[in-house]
Amino acid sequence: MIHVIATINLAEGTRDLFLEEFHKLVPDVHAEDGCIEYGPTVDVDSGSDAQIPVRSNTVTVVEKWESLDHLAAHSVAPHMESYRERVADYVQSVSLQILSPA
């Protein structure tokens with residue numbers, strides 16, 4: 001199993017529009033072979049001194065996949081291609097952390 005933390009930085013004021021499109025995508029991803037978990041999250045102000053500053057224009061996607069091969073197939077799935085086109089004007093950058101349980 002692998003874990004993926006995808007950090008998506010958005011243009012100012014587009015988070016709600018982005019999330020609307022993202023939520024349309026989630027059922028298709030959940031139906032993919034090897035998908036264990038896939039969902040968007042947003043920062044919450046916890047009041048903890050250890051927390052990084054809240055990012056109002058960032059969505060973090062938490063994912064779990066059975067294998068790297070399943071993740072690779074996900075990245076080229078047709079529904080992912082059309083999703084990327086729909087959100088292209090909102091997304092400024094994407095970074096991935098791909099992890100394995102220790």
# chains A, B, ... in the order shown; residues from 1 in each chain; ligands from 1
call {"tool": "residues_around", "arguments": {"residues": "A:Gln92", "least_positions_apart": "5", "cutoff": "12 Å", "atoms": "only C-alpha atoms", "output": "ChimeraX atom specification"}}
result
/A:7-12,14-15,18,57-59,84,87
call {"tool": "select_by_dssp", "arguments": {"residues": "chain A", "states": "strand (DSSP E or B)", "output": "PDB file with C-alpha atoms, in the first residue's frame"}}
result
ATOM      1  CA  ILE A   2       1.094   3.563  -0.620  1.00  0.00           C
ATOM      2  CA  HIS A   3      -0.133   6.882   0.691  1.00  0.00           C
ATOM      3  CA  VAL A   4      -0.281  10.065  -1.364  1.00  0.00           C
ATOM      4  CA  ILE A   5      -0.562  13.605  -0.057  1.00  0.00           C
ATOM      5  CA  ALA A   6      -1.362  15.918  -2.966  1.00  0.00           C
ATOM      6  CA  THR A   7      -1.139  19.633  -2.223  1.00  0.00           C
ATOM      7  CA  ILE A   8      -3.056  21.777  -4.711  1.00  0.00           C
ATOM      8  CA  ASN A   9      -2.489  25.524  -4.590  1.00  0.00           C
ATOM      9  CA  LEU A  10      -5.315  27.495  -6.162  1.00  0.00           C
ATOM     10  CA  CYS A  35      -8.206   2.843  -4.757  1.00  0.00           C
ATOM     11  CA  ILE A  36      -8.470   2.526  -0.984  1.00  0.00           C
ATOM     12  CA  GLU A  37      -9.054   6.167  -0.030  1.00  0.00           C
ATOM     13  CA  TYR A  38      -9.338   9.412  -1.986  1.00  0.00           C
ATOM     14  CA  GLY A  39     -10.729  12.699  -0.717  1.00  0.00           C
ATOM     15  CA  PRO A  40     -10.128  16.424  -0.490  1.00  0.00           C
ATOM     16  CA  THR A  41      -9.346  18.232   2.761  1.00  0.00           C
ATOM     17  CA  THR A  58      -5.037  25.200  -0.816  1.00  0.00           C
ATOM     18  CA  VAL A  59      -6.731  21.811  -1.023  1.00  0.00           C
ATOM     19  CA  THR A  60      -4.900  18.740   0.237  1.00  0.00           C
ATOM     20  CA  VAL A  61      -5.967  15.413  -1.225  1.00  0.00           C
ATOM     21  CA  VAL A  62      -5.405  12.368   0.984  1.00  0.00           C
ATOM     22  CA  GLU A  63      -5.075   9.153  -0.994  1.00  0.00           C
ATOM     23  CA  LYS A  64      -4.318   5.484  -0.393  1.00  0.00           C
ATOM     24  CA  TRP A  65      -3.593   3.040  -3.216  1.00  0.00           C
ATOM     25  CA  VAL A  91      -4.852  25.381 -10.211  1.00  0.00           C
ATOM     26  CA  GLN A  92      -1.592  27.253  -9.753  1.00  0.00           C
ATOM     27  CA  SER A  93       0.564  24.314  -8.665  1.00  0.00           C
ATOM     28  CA  VAL A  94       0.425  20.708  -7.505  1.00  0.00           C
ATOM     29  CA  SER A  95       2.960  18.837  -5.382  1.00  0.00           C
ATOM     30  CA  LEU A  96       2.884  15.175  -4.371  1.00  0.00           C
ATOM     31  CA  GLN A  97       4.290  13.255  -1.447  1.00  0.00           C
ATOM     32  CA  ILE A  98       4.242   9.526  -2.176  1.00  0.00           C
ATOM     33  CA  LEU A  99       4.830   7.460   0.941  1.00  0.00           C
TER      34      LEU A  99
END
call {"tool": "atom_distance", "arguments": {"atom1": "atom CA of A:His30", "atom2": "atom CA of A:Asp89"}}
result
24.7 Å
call {"tool": "closest_residue", "arguments": {"among": "A:Met80, A:Ala102, A:Val42, A:Leu71", "to": "A:Leu25", "atoms": "only C-alpha atoms"}}
result
A:Met80
call {"tool": "closest_residue", "arguments": {"among": "A:Asp49, A:Asp43, A:Leu68, A:His79", "to": "A:Val26", "atoms": "only C-alpha atoms"}}
result
A:His79
call {"tool": "atom_distance", "arguments": {"atom1": "atom CA of A:Glu21", "atom2": "atom CA of A:Asp69"}}
result
25.4 Å
call {"tool": "select_by_dssp", "arguments": {"residues": "stretch 4-99 of chain A", "states": "helix (DSSP H, G or I)", "output": "PyMOL selection string"}}
result
chain A and resi 15-30+68-75+78-87
call {"tool": "write_last_selection", "arguments": {"atoms": "C-alpha atoms", "output": "mmCIF file, in the first residue's frame"}}
result
data_model
loop_
_atom_site.group_PDB
_atom_site.id
_atom_site.type_symbol
_atom_site.label_atom_id
_atom_site.label_comp_id
_atom_site.auth_asym_id
_atom_site.auth_seq_id
_atom_site.Cartn_x
_atom_site.Cartn_y
_atom_site.Cartn_z
ATOM 1 C CA ARG A 15 -11.396 27.054 -3.890
ATOM 2 C CA ASP A 16 -15.184 26.566 -3.843
ATOM 3 C CA LEU A 17 -15.317 26.271 -7.647
ATOM 4 C CA PHE A 18 -12.414 23.819 -7.590
ATOM 5 C CA LEU A 19 -14.040 21.698 -4.868
ATOM 6 C CA GLU A 20 -17.306 21.580 -6.810
ATOM 7 C CA GLU A 21 -15.455 19.985 -9.738
ATOM 8 C CA PHE A 22 -13.374 17.779 -7.467
ATOM 9 C CA HIS A 23 -16.414 16.304 -5.722
ATOM 10 C CA LYS A 24 -17.805 15.319 -9.151
ATOM 11 C CA LEU A 25 -14.588 13.344 -9.734
ATOM 12 C CA VAL A 26 -14.469 11.418 -6.443
ATOM 13 C CA PRO A 27 -16.959 8.614 -7.316
ATOM 14 C CA ASP A 28 -15.014 7.795 -10.497
ATOM 15 C CA VAL A 29 -11.749 7.585 -8.569
ATOM 16 C CA HIS A 30 -13.294 5.458 -5.822
ATOM 17 C CA LEU A 68 2.435 2.295 -7.313
ATOM 18 C CA ASP A 69 1.037 0.625 -10.438
ATOM 19 C CA HIS A 70 -2.495 1.511 -9.347
ATOM 20 C CA LEU A 71 -1.426 5.121 -8.749
ATOM 21 C CA ALA A 72 0.196 5.239 -12.186
ATOM 22 C CA ALA A 73 -3.003 3.967 -13.816
ATOM 23 C CA HIS A 74 -5.003 6.575 -11.876
ATOM 24 C CA SER A 75 -2.856 9.410 -13.173
ATOM 25 C CA PRO A 78 -9.684 9.362 -18.827
ATOM 26 C CA HIS A 79 -11.735 10.980 -16.029
ATOM 27 C CA MET A 80 -8.523 12.480 -14.622
ATOM 28 C CA GLU A 81 -7.657 14.035 -17.972
ATOM 29 C CA SER A 82 -11.071 15.704 -18.300
ATOM 30 C CA TYR A 83 -10.961 16.831 -14.649
ATOM 31 C CA ARG A 84 -7.560 18.493 -15.197
ATOM 32 C CA GLU A 85 -8.989 20.394 -18.160
ATOM 33 C CA ARG A 86 -11.989 21.585 -16.118
ATOM 34 C CA VAL A 87 -9.854 22.906 -13.229
#
call {"tool": "atom_distance", "arguments": {"atom1": "atom CA of A:Ser100", "atom2": "atom CA of A:Gly34"}}
result
14.9 Å
